[in-house]
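Engineer: You'll find data22.txt just under this line, and it carries compact mmCIF, C-alpha atoms.
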# COMPACT_ATOMS: atom_id res chain seq x y z
CA MET A 1 51.30 -59.28 -40.37
CA SER A 2 47.97 -60.87 -39.59
CA PRO A 3 45.12 -59.19 -41.45
CA ALA A 4 43.03 -56.61 -39.61
CA PRO A 5 39.38 -55.75 -40.35
CA THR A 6 38.87 -53.17 -43.09
CA ILE A 7 37.22 -50.03 -41.76
CA ARG A 8 33.69 -49.35 -43.02
CA SER A 9 31.18 -46.59 -42.29
CA ASP A 10 28.09 -48.70 -41.57
CA VAL A 11 28.38 -48.76 -37.78
CA PRO A 12 26.16 -46.01 -36.26
CA GLY A 13 28.08 -43.83 -33.85
CA SER A 14 31.49 -44.78 -35.21
CA PHE A 15 33.92 -42.18 -36.52
CA PRO A 16 33.49 -43.25 -40.18
CA TRP A 17 29.70 -43.15 -39.77
CA SER A 18 29.94 -39.60 -38.40
CA VAL A 19 31.95 -38.52 -41.46
CA PHE A 20 29.09 -39.46 -43.79
CA HIS A 21 26.18 -38.51 -41.54
CA GLU A 22 27.54 -35.41 -39.76
CA ARG A 23 30.58 -34.01 -41.57
CA HIS A 24 29.42 -34.41 -45.15
CA PRO A 25 26.00 -32.75 -44.67
CA LYS A 26 27.74 -29.71 -43.16
CA LEU A 27 30.28 -29.70 -45.96
CA VAL A 28 27.61 -29.89 -48.65
CA GLN A 29 25.78 -26.94 -47.15
CA GLN A 30 28.97 -24.90 -47.00
CA VAL A 31 29.82 -25.72 -50.62
CA LEU A 32 26.36 -24.68 -51.80
CA ASP A 33 26.50 -21.49 -49.76
CA ALA A 34 30.01 -20.52 -50.90
CA LEU A 35 29.44 -20.36 -54.66
CA PRO A 36 26.35 -19.42 -56.74
CA TYR A 37 25.72 -22.82 -58.26
CA GLY A 38 22.65 -23.16 -60.44
CA PRO A 39 19.68 -25.51 -59.94
CA ALA A 40 21.31 -28.41 -61.81
CA GLU A 41 24.50 -28.35 -59.75
CA ARG A 42 22.63 -27.86 -56.48
CA ALA A 43 20.30 -30.76 -57.23
CA ALA A 44 23.22 -33.03 -58.16
CA VAL A 45 25.05 -32.22 -54.92
CA GLU A 46 21.94 -32.84 -52.82
CA ASP A 47 21.27 -36.11 -54.66
CA LEU A 48 24.82 -37.24 -53.91
CA LEU A 49 24.35 -36.52 -50.21
CA ALA A 50 21.14 -38.55 -50.12
CA GLU A 51 22.68 -41.41 -52.07
CA SER A 52 25.80 -41.54 -49.89
CA THR A 53 23.80 -41.83 -46.67
CA THR A 54 20.82 -43.96 -47.70
CA GLY A 55 21.42 -45.29 -51.22
CA LEU A 56 23.57 -47.61 -53.30
CA LEU A 57 26.90 -46.92 -54.96
CA ARG A 58 26.49 -45.91 -58.60
CA PRO A 59 29.24 -45.63 -61.25
CA LEU A 60 30.38 -42.27 -62.58
CA THR A 61 28.36 -40.69 -65.36
CA ASP A 62 30.74 -37.82 -66.22
CA ASP A 63 33.53 -37.77 -68.78
CA GLY A 64 36.48 -37.18 -66.46
CA ASP A 65 39.82 -38.61 -67.55
CA ASP A 66 39.68 -41.06 -64.64
CA HIS A 67 36.25 -42.46 -65.58
CA GLY A 68 37.64 -45.80 -66.71
CA LEU A 69 39.86 -46.11 -63.66
CA TRP A 70 36.92 -45.62 -61.30
CA LEU A 71 34.87 -48.21 -63.17
CA GLU A 72 37.67 -50.68 -62.51
CA TRP A 73 38.29 -49.59 -58.90
CA GLY A 74 34.60 -49.99 -58.08
CA ARG A 75 33.93 -53.28 -59.83
CA ASP A 76 33.35 -55.07 -56.50
CA VAL A 77 31.15 -52.43 -54.85
CA TRP A 78 28.78 -51.04 -57.49
CA GLY A 79 25.20 -51.58 -56.38
CA THR A 80 26.03 -52.07 -52.70
CA PRO A 81 25.22 -49.61 -49.88
CA TRP A 82 27.83 -46.92 -49.39
CA GLY A 83 28.42 -47.99 -45.81
CA GLU A 84 29.39 -51.51 -46.84
CA ALA A 85 32.26 -50.34 -49.04
CA PRO A 86 35.68 -49.80 -47.44
CA PHE A 87 35.68 -46.42 -45.71
CA LEU A 88 38.76 -45.20 -47.60
CA TRP A 89 37.15 -46.13 -50.91
CA ALA A 90 33.74 -44.62 -50.13
CA GLU A 91 35.12 -41.38 -48.70
CA SER A 92 37.38 -40.89 -51.71
CA TYR A 93 34.52 -41.60 -54.09
CA PHE A 94 32.31 -39.07 -52.30
CA TYR A 95 34.76 -36.28 -53.09
CA ARG A 96 35.20 -37.45 -56.68
CA ARG A 97 31.42 -37.43 -57.12
CA LEU A 98 31.13 -34.03 -55.42
CA LEU A 99 33.44 -32.54 -58.02
CA ALA A 100 31.35 -34.09 -60.78
CA ALA A 101 28.14 -32.77 -59.21
CA THR A 102 29.47 -29.20 -59.15
CA GLY A 103 30.43 -29.39 -62.83
CA TYR A 104 34.19 -29.59 -62.31
CA PHE A 105 34.61 -32.25 -65.00
CA GLY A 106 31.82 -30.99 -67.26
CA SER A 107 31.89 -28.90 -70.41
CA GLY A 108 30.12 -25.87 -68.95
CA ALA A 109 31.24 -22.73 -67.18
CA TRP A 110 31.88 -24.53 -63.87
CA ARG A 111 34.55 -26.74 -65.45
CA GLY A 112 37.75 -26.62 -63.41
CA VAL A 113 36.28 -24.41 -60.65
CA ASP A 114 37.49 -25.58 -57.24
CA PRO A 115 34.38 -25.85 -55.01
CA PHE A 116 36.61 -25.54 -51.94
CA ALA A 117 38.48 -22.43 -53.13
CA PRO A 118 36.41 -19.98 -51.04
CA PHE A 119 37.40 -21.85 -47.86
CA LYS A 120 41.05 -22.07 -48.86
CA ASP A 121 41.23 -18.41 -49.88
CA ALA A 122 39.62 -17.21 -46.66
CA GLU A 123 42.01 -19.25 -44.55
CA LEU A 124 45.11 -18.11 -46.43
CA ALA A 125 44.07 -14.46 -46.11
CA GLY A 126 43.16 -14.76 -42.41
CA PRO A 127 44.92 -13.05 -39.51
CA ALA A 128 46.09 -16.39 -38.10
CA VAL A 129 48.43 -16.74 -41.08
CA ASP A 130 49.90 -13.29 -40.41
CA GLU A 131 50.65 -14.31 -36.83
CA GLU A 132 52.23 -17.59 -37.88
CA LEU A 133 54.43 -15.95 -40.52
CA ALA A 134 55.46 -13.26 -38.06
CA ALA A 135 56.72 -16.00 -35.75
CA LEU A 136 59.35 -16.93 -38.34
CA GLY A 137 61.31 -13.89 -37.30
CA GLU A 138 61.77 -15.41 -33.86
CA LEU A 139 63.67 -18.36 -35.37
CA ARG A 140 66.37 -16.15 -36.87
CA GLY A 141 68.70 -16.43 -33.89
CA LEU A 142 68.46 -20.20 -33.48
CA ALA A 143 71.17 -22.63 -34.49
CA PRO A 144 70.38 -24.57 -37.69
CA ALA A 145 69.59 -27.77 -35.78
CA GLN A 146 67.18 -25.91 -33.51
CA ARG A 147 65.51 -24.25 -36.49
CA THR A 148 65.11 -27.67 -38.10
CA GLU A 149 63.37 -28.99 -34.99
CA ALA A 150 61.10 -25.94 -34.77
CA LEU A 151 60.16 -26.02 -38.46
CA LEU A 152 59.49 -29.75 -38.36
CA ALA A 153 57.19 -29.24 -35.38
CA SER A 154 55.41 -26.46 -37.26
CA ALA A 155 54.89 -28.70 -40.29
CA LEU A 156 53.67 -31.53 -38.08
CA TRP A 157 51.15 -29.54 -36.05
CA GLY A 158 50.14 -27.57 -39.13
CA ASN A 159 48.31 -30.77 -40.08
CA ARG A 160 45.65 -29.69 -37.59
CA ALA A 161 44.72 -26.90 -40.04
CA ASP A 162 42.42 -29.26 -41.92
CA LEU A 163 39.24 -27.61 -43.17
CA GLY A 164 37.32 -30.87 -43.33
CA PHE A 165 38.31 -31.84 -39.82
CA GLY A 166 37.31 -28.40 -38.58
CA LEU A 167 33.71 -28.98 -39.62
CA THR A 168 33.08 -31.37 -36.74
CA ALA A 169 36.07 -31.07 -34.42
CA ALA A 170 35.38 -30.23 -30.81
CA PRO A 171 37.70 -29.64 -27.84
CA VAL A 172 38.63 -32.83 -26.02
CA ALA A 173 39.08 -32.92 -22.28
CA GLY A 174 41.65 -35.20 -20.68
CA ARG A 175 45.19 -35.89 -21.74
CA PRO A 176 47.04 -32.86 -23.14
CA ALA A 177 48.15 -32.81 -26.75
CA GLY A 178 51.47 -34.41 -27.55
CA LEU A 179 53.48 -36.82 -29.61
CA VAL A 180 52.55 -40.48 -29.32
CA ALA A 181 55.57 -41.55 -31.40
CA ASP A 182 58.67 -39.52 -32.27
CA ASP A 183 61.25 -40.74 -34.81
CA SER A 184 62.37 -37.22 -35.68
CA ARG A 185 66.07 -38.02 -35.20
CA LEU A 186 65.82 -40.76 -37.80
CA LEU A 187 64.05 -38.38 -40.15
CA PHE A 188 66.81 -35.79 -39.93
CA ALA A 189 69.41 -38.47 -40.59
CA ALA A 190 67.77 -39.64 -43.81
CA PRO A 191 69.05 -37.02 -46.30
CA ALA A 192 72.53 -37.01 -44.77
CA ALA A 193 72.73 -40.80 -44.96
CA ALA A 194 71.99 -40.62 -48.67
CA GLY A 195 74.54 -37.88 -49.37
CA ARG A 196 72.01 -35.08 -49.04
CA GLY A 197 69.98 -36.46 -51.92
CA ARG A 198 66.42 -36.04 -53.09
CA VAL A 199 63.65 -35.60 -50.54
CA CYS A 200 60.06 -36.29 -51.63
CA LEU A 201 57.26 -34.59 -49.73
CA VAL A 202 53.69 -35.72 -50.39
CA ALA A 203 51.56 -32.78 -49.30
CA ASP A 204 48.24 -32.95 -47.52
CA ASN A 205 46.30 -29.74 -46.93
CA ALA A 206 46.61 -26.34 -48.58
CA GLY A 207 46.75 -22.99 -46.78
CA ARG A 208 47.88 -22.99 -43.18
CA GLU A 209 49.37 -26.48 -43.45
CA LEU A 210 51.10 -25.98 -46.78
CA LEU A 211 52.82 -22.77 -45.65
CA PRO A 212 54.91 -24.44 -42.91
CA ASP A 213 55.57 -27.35 -45.29
CA LEU A 214 57.05 -24.91 -47.80
CA VAL A 215 59.07 -23.12 -45.15
CA LEU A 216 60.48 -26.49 -44.08
CA VAL A 217 61.34 -27.24 -47.71
CA ASP A 218 63.17 -23.91 -47.93
CA HIS A 219 65.14 -24.81 -44.80
CA LEU A 220 66.12 -28.22 -46.20
CA LEU A 221 67.43 -26.58 -49.36
CA THR A 222 69.07 -23.59 -47.67
CA GLU A 223 70.89 -25.70 -45.08
CA ALA A 224 71.90 -28.30 -47.72
CA LEU A 225 69.96 -31.03 -45.92
CA ALA A 226 68.56 -31.95 -49.33
CA ALA A 227 70.00 -31.52 -52.80
CA GLU A 228 66.51 -31.25 -54.24
CA VAL A 229 62.93 -31.56 -53.05
CA VAL A 230 60.03 -32.98 -55.02
CA LEU A 231 56.66 -31.79 -53.72
CA TYR A 232 53.69 -33.96 -54.70
CA VAL A 233 50.19 -32.49 -54.78
CA LYS A 234 46.74 -33.67 -55.88
CA PRO A 235 45.84 -33.45 -59.58
CA TYR A 236 42.46 -31.90 -58.70
CA PRO A 237 40.69 -30.58 -55.56
CA TYR A 238 40.07 -33.34 -53.07
CA TYR A 239 39.04 -33.86 -49.45
CA VAL A 240 38.03 -30.20 -48.95
CA SER A 241 41.49 -28.71 -48.49
CA ASP A 242 43.99 -31.02 -50.15
CA ALA A 243 46.71 -29.09 -51.95
CA THR A 244 46.86 -28.69 -55.74
CA MET A 245 49.35 -26.79 -57.89
CA ALA A 246 47.09 -23.74 -57.70
CA ASP A 247 47.33 -23.92 -53.91
CA VAL A 248 51.12 -24.15 -54.02
CA LEU A 249 51.27 -20.97 -56.12
CA ALA A 250 48.84 -19.21 -53.79
CA ALA A 251 50.96 -20.16 -50.77
CA LEU A 252 54.15 -18.97 -52.47
CA ARG A 253 52.52 -15.63 -53.30
CA ARG A 254 51.42 -15.34 -49.66
CA LEU A 255 54.97 -15.92 -48.47
CA ARG A 256 56.55 -13.54 -50.97
CA SER A 257 54.10 -10.75 -50.13
CA SER A 258 54.39 -11.12 -46.37
CA PRO A 259 55.60 -8.06 -44.43
CA GLU A 260 57.62 -10.45 -42.28
CA PRO A 261 61.11 -10.36 -43.85
CA GLU A 262 61.92 -14.00 -43.07
CA ALA A 263 58.74 -15.19 -44.75
CA GLY A 264 59.31 -12.98 -47.78
CA ARG A 265 62.86 -14.21 -48.23
CA ALA A 266 61.77 -17.84 -47.89
CA GLY A 267 59.09 -17.30 -50.52
CA GLN A 268 61.56 -15.70 -52.90
CA ARG A 269 64.10 -18.50 -52.42
CA LEU A 270 61.43 -21.13 -53.10
CA TRP A 271 60.31 -19.26 -56.21
CA GLN A 272 63.89 -19.27 -57.46
CA ALA A 273 64.33 -22.93 -56.47
CA MET A 274 61.49 -23.80 -58.81
CA HIS A 275 63.29 -21.92 -61.61
CA THR A 276 66.42 -24.00 -61.04
CA ARG A 277 64.46 -27.22 -60.36
CA ARG A 278 65.89 -27.69 -56.89
CA LEU A 279 62.21 -27.63 -55.99
CA VAL A 280 59.93 -29.53 -58.36
CA VAL A 281 56.16 -29.87 -58.00
CA ARG A 282 54.61 -33.02 -59.42
CA THR A 283 51.31 -34.83 -59.36
CA HIS A 284 49.91 -38.21 -60.41
CA PRO A 285 46.37 -39.61 -60.85
CA PHE A 286 47.08 -42.14 -58.11
CA PHE A 287 47.02 -39.41 -55.47
CA CYS A 288 43.25 -39.26 -55.97
CA ALA A 289 42.81 -43.04 -56.07
CA PRO A 290 40.86 -44.86 -53.33
CA LEU A 291 43.70 -47.34 -52.92
CA PRO A 292 46.58 -47.94 -50.50
CA TYR A 293 50.13 -47.07 -51.46
CA ARG A 294 50.85 -50.77 -51.61
CA ASP A 295 48.92 -50.71 -54.91
CA MET A 296 50.67 -47.70 -56.46
CA PRO A 297 51.46 -48.03 -60.19
CA PRO A 298 55.02 -48.85 -61.35
CA ASP A 299 55.80 -45.35 -62.66
CA LEU A 300 55.05 -43.67 -59.34
CA ARG A 301 56.84 -46.42 -57.42
CA ALA A 302 59.91 -45.78 -59.55
CA GLU A 303 59.81 -42.04 -58.75
CA PHE A 304 59.83 -42.70 -55.02
CA ALA A 305 62.40 -45.49 -55.22
CA GLY A 306 65.39 -43.20 -55.63
CA ALA A 307 64.53 -40.79 -52.79
CA ALA A 308 66.65 -40.39 -49.70
CA VAL A 309 63.34 -40.23 -47.84
CA THR A 310 59.68 -39.72 -48.72
CA VAL A 311 57.71 -37.69 -46.19
CA LEU A 312 53.97 -38.38 -46.18
CA LYS A 313 51.94 -35.61 -44.59
CA GLY A 314 48.58 -36.03 -42.94
CA ASP A 315 45.89 -38.51 -42.13
CA LEU A 316 44.83 -39.66 -45.59
CA ASN A 317 48.42 -40.42 -46.62
CA TYR A 318 48.88 -42.36 -43.39
CA ARG A 319 45.75 -44.42 -43.99
CA ARG A 320 46.96 -45.20 -47.49
CA LEU A 321 50.46 -46.07 -46.25
CA VAL A 322 49.57 -48.57 -43.53
CA GLY A 323 46.14 -49.66 -44.79
CA ASP A 324 42.78 -48.29 -43.62
CA GLN A 325 42.22 -51.15 -41.23
CA LEU A 326 41.58 -51.64 -37.53
CA TRP A 327 45.14 -52.56 -36.67
CA PRO A 328 46.09 -52.99 -33.03
CA ALA A 329 47.94 -49.78 -32.19
CA ILE A 330 51.04 -51.77 -31.18
CA THR A 331 51.35 -53.28 -34.68
CA PRO A 332 54.92 -52.51 -35.82
CA PHE A 333 55.15 -49.56 -38.17
CA ALA A 334 57.85 -51.38 -40.13
CA GLY A 335 55.47 -54.21 -40.92
CA ALA A 336 52.74 -51.84 -42.11
CA ALA A 337 54.99 -49.47 -44.08
CA GLY A 338 57.72 -51.84 -45.22
CA HIS A 339 56.26 -52.12 -48.72
CA PHE A 340 57.11 -48.49 -49.54
CA PRO A 341 59.88 -48.22 -52.17
CA SER A 342 62.02 -45.67 -50.30
CA PRO A 343 62.73 -44.81 -46.68
CA VAL A 344 59.44 -43.30 -45.56
CA ALA A 345 58.35 -40.91 -42.83
CA ALA A 346 54.82 -40.17 -41.68
CA LEU A 347 54.01 -36.75 -40.18
CA ARG A 348 50.46 -36.72 -38.99
CA THR A 349 48.04 -35.49 -36.37
CA LEU A 350 45.60 -38.25 -35.46
CA LYS A 351 42.17 -37.69 -37.03
CA SER A 352 41.01 -41.22 -37.86
CA ASP A 353 40.90 -44.63 -36.21
CA VAL A 354 44.05 -45.95 -37.90
CA VAL A 355 47.31 -45.97 -35.96
CA VAL A 356 50.21 -48.40 -35.67
CA GLY A 357 53.69 -48.45 -34.20
CA LEU A 358 52.86 -47.26 -30.68
CA ASP A 359 54.39 -48.48 -27.46
CA GLU A 360 51.97 -50.59 -25.42
CA ARG A 361 52.39 -48.38 -22.37
CA VAL A 362 51.54 -45.29 -24.41
CA VAL A 363 48.36 -46.93 -25.70
CA THR A 364 47.33 -48.00 -22.21
CA ASP A 365 47.93 -44.48 -20.92
CA LEU A 366 45.92 -42.88 -23.72
CA ASP A 367 43.05 -45.32 -23.44
CA ALA A 368 42.81 -44.67 -19.70
CA TYR A 369 41.60 -41.12 -20.30
CA GLY A 370 38.53 -42.28 -22.17
CA ALA A 371 38.79 -39.46 -24.74
CA PRO A 372 38.81 -40.19 -28.50
CA TRP A 373 42.54 -39.61 -28.89
CA ARG A 374 42.69 -41.43 -32.22
CA THR A 375 40.29 -39.02 -33.96
CA SER A 376 40.40 -35.72 -32.07
CA GLY A 377 43.50 -34.18 -33.67
CA THR A 378 45.02 -33.52 -30.25
CA HIS A 379 47.84 -36.01 -30.70
CA ALA A 380 50.47 -36.45 -33.38
CA LEU A 381 53.23 -38.76 -34.52
CA ILE A 382 56.46 -38.84 -36.48
CA GLN A 383 57.27 -42.36 -37.65
CA VAL A 384 60.14 -43.43 -39.88
CA HIS A 385 60.95 -46.71 -41.60
CA GLY A 386 63.76 -47.83 -43.87
CA MET A 387 66.72 -45.95 -42.47
CA PRO A 388 70.00 -47.92 -42.44
Take the structure in the file and give it back as structure tokens.

Structural biologist:
Amino acid sequence: MSPAPTIRSDVPGSFPWSVFHERHPKLVQQVLDALPYGPAERAAVEDLLAESTTGLLRPLTDDGDDHGLWLEWGRDVWGTPWGEAPFLWAESYFYRRLLAATGYFGSGAWRGVDPFAPFKDAELAGPAVDEELAALGELRGLAPAQRTEALLASALWGNRADLGFGLTAAPVAGRPAGLVADDSRLLFAAPAAAGRGRVCLVADNAGRELLPDLVLVDHLLTEALAAEVVLYVKPYPYYVSDATMADVLAALRRLRSSPEPEAGRAGQRLWQAMHTRRLVVRTHPFFCAPLPYRDMPPDLRAEFAGAAVTVLKGDLNYRRLVGDQLWPAITPFAGAAGHFPSPVAALRTLKSDVVVGLDERVVTDLDAYGAPWRTSGTHALIQVHGMP
């Protein structure tokens, strides 16, 4: 493929610019309001916000295990304005620095405290989750294939439950929500083609997105569509609502304690599946790296290589899969994702400028409405590459 420009956040009015100048200030205020941080933590967070909008990129000063990695990853950008660094790199570094500012990597009492936990907890305990879990009972009478379609759709559109996106999202007039690409039939064929083998699922958000992901995992195991599922999560809190092991356990407890029988049974089956290792939860430092999947380390590449299919959830995983670049939307998905070591599927609602693999007529139709369909979260896609 011909190279496309790398996305940066130094263009006023652009989506990446709005992330740093509109979304992050709101996020910082919410973080400081949600937990009783002391003067040192509050000052560090506020200094980070000022630096990220008007200052220069500075190396880490904390003692996190990834300190040396970040020094290497940032060797070409230290001392330059934040907006001149690649958007993917700068946005990732903002969240890494936010954790450091709140004391997450320090030696004090705030060590290991998730600054986003109050948001995650409130969402998971909210009435919307009760309604969504209650809807599982309506799927009981469907044929297995129909349940698969319904649960896949739930996992896909659950990606709209993104706490960071919700900070600045607004309703968009114009074209109704819908799929802009749909390779779901290929996705369902992947485990069967590999003898119902191992399915890898790289999670995105916790809470209301992770719940339908887990219910889909339960369905894959229950209906023997997968022999085992490996669920990958972040090693530490990231991008406001990205899922960690603690979030997986919280979601499982929510399922098991639900008054909806179908949800409770699914939660119990998943709990048992972890005992028997039909469901395994893993993590890797690379999931918090500011790098594309093309640059994943050999050990992680080897883990994915034997999968029947790897499902990548959400916007950040998509940006890392195809490259956070201004590709023409008709760029073939196979060309952008062909480097991945296993058959790969992307499930994502569109919340950033990056998109590939669309039909030219679809792009023309979407562009004609004049609404920001690439960033509004009103459209979604299922794209698959690597199936025989």

Engineer: Ranking A:Pro261, A:Leu179, A:Phe287, A:Val113 by minimum distance to Leu350 (chain A) and counting all atoms listed in the file, which one comes first?

Structural biologist: A:Leu179

Engineer: Show me, as JSON, the centre and edge lengths in Å to one decimal of the axis-aligned box that covers every listed atom of region 143-148 of chain A with 5 Å on each side.

Structural biologist:
{"center_x": 68.1, "center_y": -25.2, "center_z": -35.8, "size_x": 16.1, "size_y": 15.1, "size_z": 14.6}

Engineer: Within 6 Å of region 240-255 of chain A, counting only C-alpha atoms, which residues qualify if same-chain residues fewer than 2 places away don't, as a list in words?

Structural biologist: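 In the requested format, the answer is Phe116, Leu163, Gly164, Asp204, Asn205, Ala206, Val233, Lys234, Tyr238, Ser257, Ser258, Ala263, Gly264 and Gly267 of chain A.
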
Engineer: Between A:Ala203, A:Tyr236, A:Pro298, A:Thr331, which is the closest to Gly314 (chain A) once you count all atoms listed in the file?

Structural biologist: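 That would be A:Ala203, the residue with the smallest distance to Gly314 (chain A).
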
Engineer: I'd like the interatomic distance between CA of Ala128 (chain A) and CA of Glu260 (chain A), to a tenth of an Å.

Structural biologist: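 Distance reported for this atom pair: 13.6 Å.
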
Engineer: Just checking: using all atoms listed in the file, which residue out of A:Ala273, A:Val180, A:Ala305, A:Ala227 ends up closest to Gly357 (chain A)?

Structural biologist: A:Val180

Engineer: Select region 243-251 of chain A in the preceding structure and write all heavy atoms to a file as a PDB file, in the first residue's frame.

Structural biologist:
ATOM      1  N   ALA A 243     -10.717  -2.209  29.649  1.00  0.00           N
ATOM      2  CA  ALA A 243     -10.911  -3.288  30.610  1.00  0.00           C
ATOM      3  C   ALA A 243      -9.592  -3.845  31.135  1.00  0.00           C
ATOM      4  O   ALA A 243      -8.639  -4.058  30.377  1.00  0.00           O
ATOM      5  CB  ALA A 243     -11.714  -4.407  29.967  1.00  0.00           C
ATOM      6  N   THR A 244      -9.550  -4.083  32.431  1.00  0.00           N
ATOM      7  CA  THR A 244      -8.463  -4.773  33.119  1.00  0.00           C
ATOM      8  C   THR A 244      -9.022  -6.055  33.730  1.00  0.00           C
ATOM      9  O   THR A 244     -10.228  -6.321  33.668  1.00  0.00           O
ATOM     10  CB  THR A 244      -7.858  -3.904  34.225  1.00  0.00           C
ATOM     11  OG1 THR A 244      -8.858  -3.704  35.242  1.00  0.00           O
ATOM     12  CG2 THR A 244      -7.405  -2.544  33.688  1.00  0.00           C
ATOM     13  N   MET A 245      -8.154  -6.840  34.364  1.00  0.00           N
ATOM     14  CA  MET A 245      -8.621  -8.062  35.024  1.00  0.00           C
ATOM     15  C   MET A 245      -9.646  -7.732  36.105  1.00  0.00           C
ATOM     16  O   MET A 245     -10.639  -8.462  36.275  1.00  0.00           O
ATOM     17  CB  MET A 245      -7.433  -8.816  35.622  1.00  0.00           C
ATOM     18  CG  MET A 245      -7.810 -10.147  36.254  1.00  0.00           C
ATOM     19  SD  MET A 245      -8.558 -11.267  35.044  1.00  0.00           S
ATOM     20  CE  MET A 245      -8.757 -12.754  36.012  1.00  0.00           C
ATOM     21  N   ALA A 246      -9.424  -6.651  36.840  1.00  0.00           N
ATOM     22  CA  ALA A 246     -10.388  -6.255  37.866  1.00  0.00           C
ATOM     23  C   ALA A 246     -11.760  -5.992  37.253  1.00  0.00           C
ATOM     24  O   ALA A 246     -12.796  -6.314  37.851  1.00  0.00           O
ATOM     25  CB  ALA A 246      -9.894  -5.017  38.609  1.00  0.00           C
ATOM     26  N   ASP A 247     -11.782  -5.431  36.062  1.00  0.00           N
ATOM     27  CA  ASP A 247     -13.053  -5.150  35.394  1.00  0.00           C
ATOM     28  C   ASP A 247     -13.724  -6.430  34.912  1.00  0.00           C
ATOM     29  O   ASP A 247     -14.962  -6.533  34.910  1.00  0.00           O
ATOM     30  CB  ASP A 247     -12.826  -4.195  34.220  1.00  0.00           C
ATOM     31  CG  ASP A 247     -12.263  -2.855  34.657  1.00  0.00           C
ATOM     32  OD1 ASP A 247     -12.761  -2.297  35.637  1.00  0.00           O
ATOM     33  OD2 ASP A 247     -11.301  -2.380  34.016  1.00  0.00           O
ATOM     34  N   VAL A 248     -12.937  -7.405  34.484  1.00  0.00           N
ATOM     35  CA  VAL A 248     -13.504  -8.696  34.100  1.00  0.00           C
ATOM     36  C   VAL A 248     -14.194  -9.343  35.296  1.00  0.00           C
ATOM     37  O   VAL A 248     -15.331  -9.826  35.197  1.00  0.00           O
ATOM     38  CB  VAL A 248     -12.412  -9.641  33.548  1.00  0.00           C
ATOM     39  CG1 VAL A 248     -12.980 -11.045  33.320  1.00  0.00           C
ATOM     40  CG2 VAL A 248     -11.840  -9.093  32.248  1.00  0.00           C
ATOM     41  N   LEU A 249     -13.536  -9.336  36.447  1.00  0.00           N
ATOM     42  CA  LEU A 249     -14.127  -9.934  37.645  1.00  0.00           C
ATOM     43  C   LEU A 249     -15.391  -9.194  38.065  1.00  0.00           C
ATOM     44  O   LEU A 249     -16.385  -9.817  38.468  1.00  0.00           O
ATOM     45  CB  LEU A 249     -13.100  -9.941  38.774  1.00  0.00           C
ATOM     46  CG  LEU A 249     -11.858 -10.808  38.534  1.00  0.00           C
ATOM     47  CD1 LEU A 249     -10.872 -10.644  39.681  1.00  0.00           C
ATOM     48  CD2 LEU A 249     -12.241 -12.268  38.352  1.00  0.00           C
ATOM     49  N   ALA A 250     -15.367  -7.860  37.957  1.00  0.00           N
ATOM     50  CA  ALA A 250     -16.553  -7.080  38.307  1.00  0.00           C
ATOM     51  C   ALA A 250     -17.714  -7.413  37.376  1.00  0.00           C
ATOM     52  O   ALA A 250     -18.873  -7.534  37.815  1.00  0.00           O
ATOM     53  CB  ALA A 250     -16.233  -5.589  38.259  1.00  0.00           C
ATOM     54  N   ALA A 251     -17.433  -7.571  36.091  1.00  0.00           N
ATOM     55  CA  ALA A 251     -18.486  -7.907  35.132  1.00  0.00           C
ATOM     56  C   ALA A 251     -19.035  -9.302  35.386  1.00  0.00           C
ATOM     57  O   ALA A 251     -20.256  -9.531  35.304  1.00  0.00           O
ATOM     58  CB  ALA A 251     -17.942  -7.794  33.710  1.00  0.00           C
TER      59      ALA A 251
END
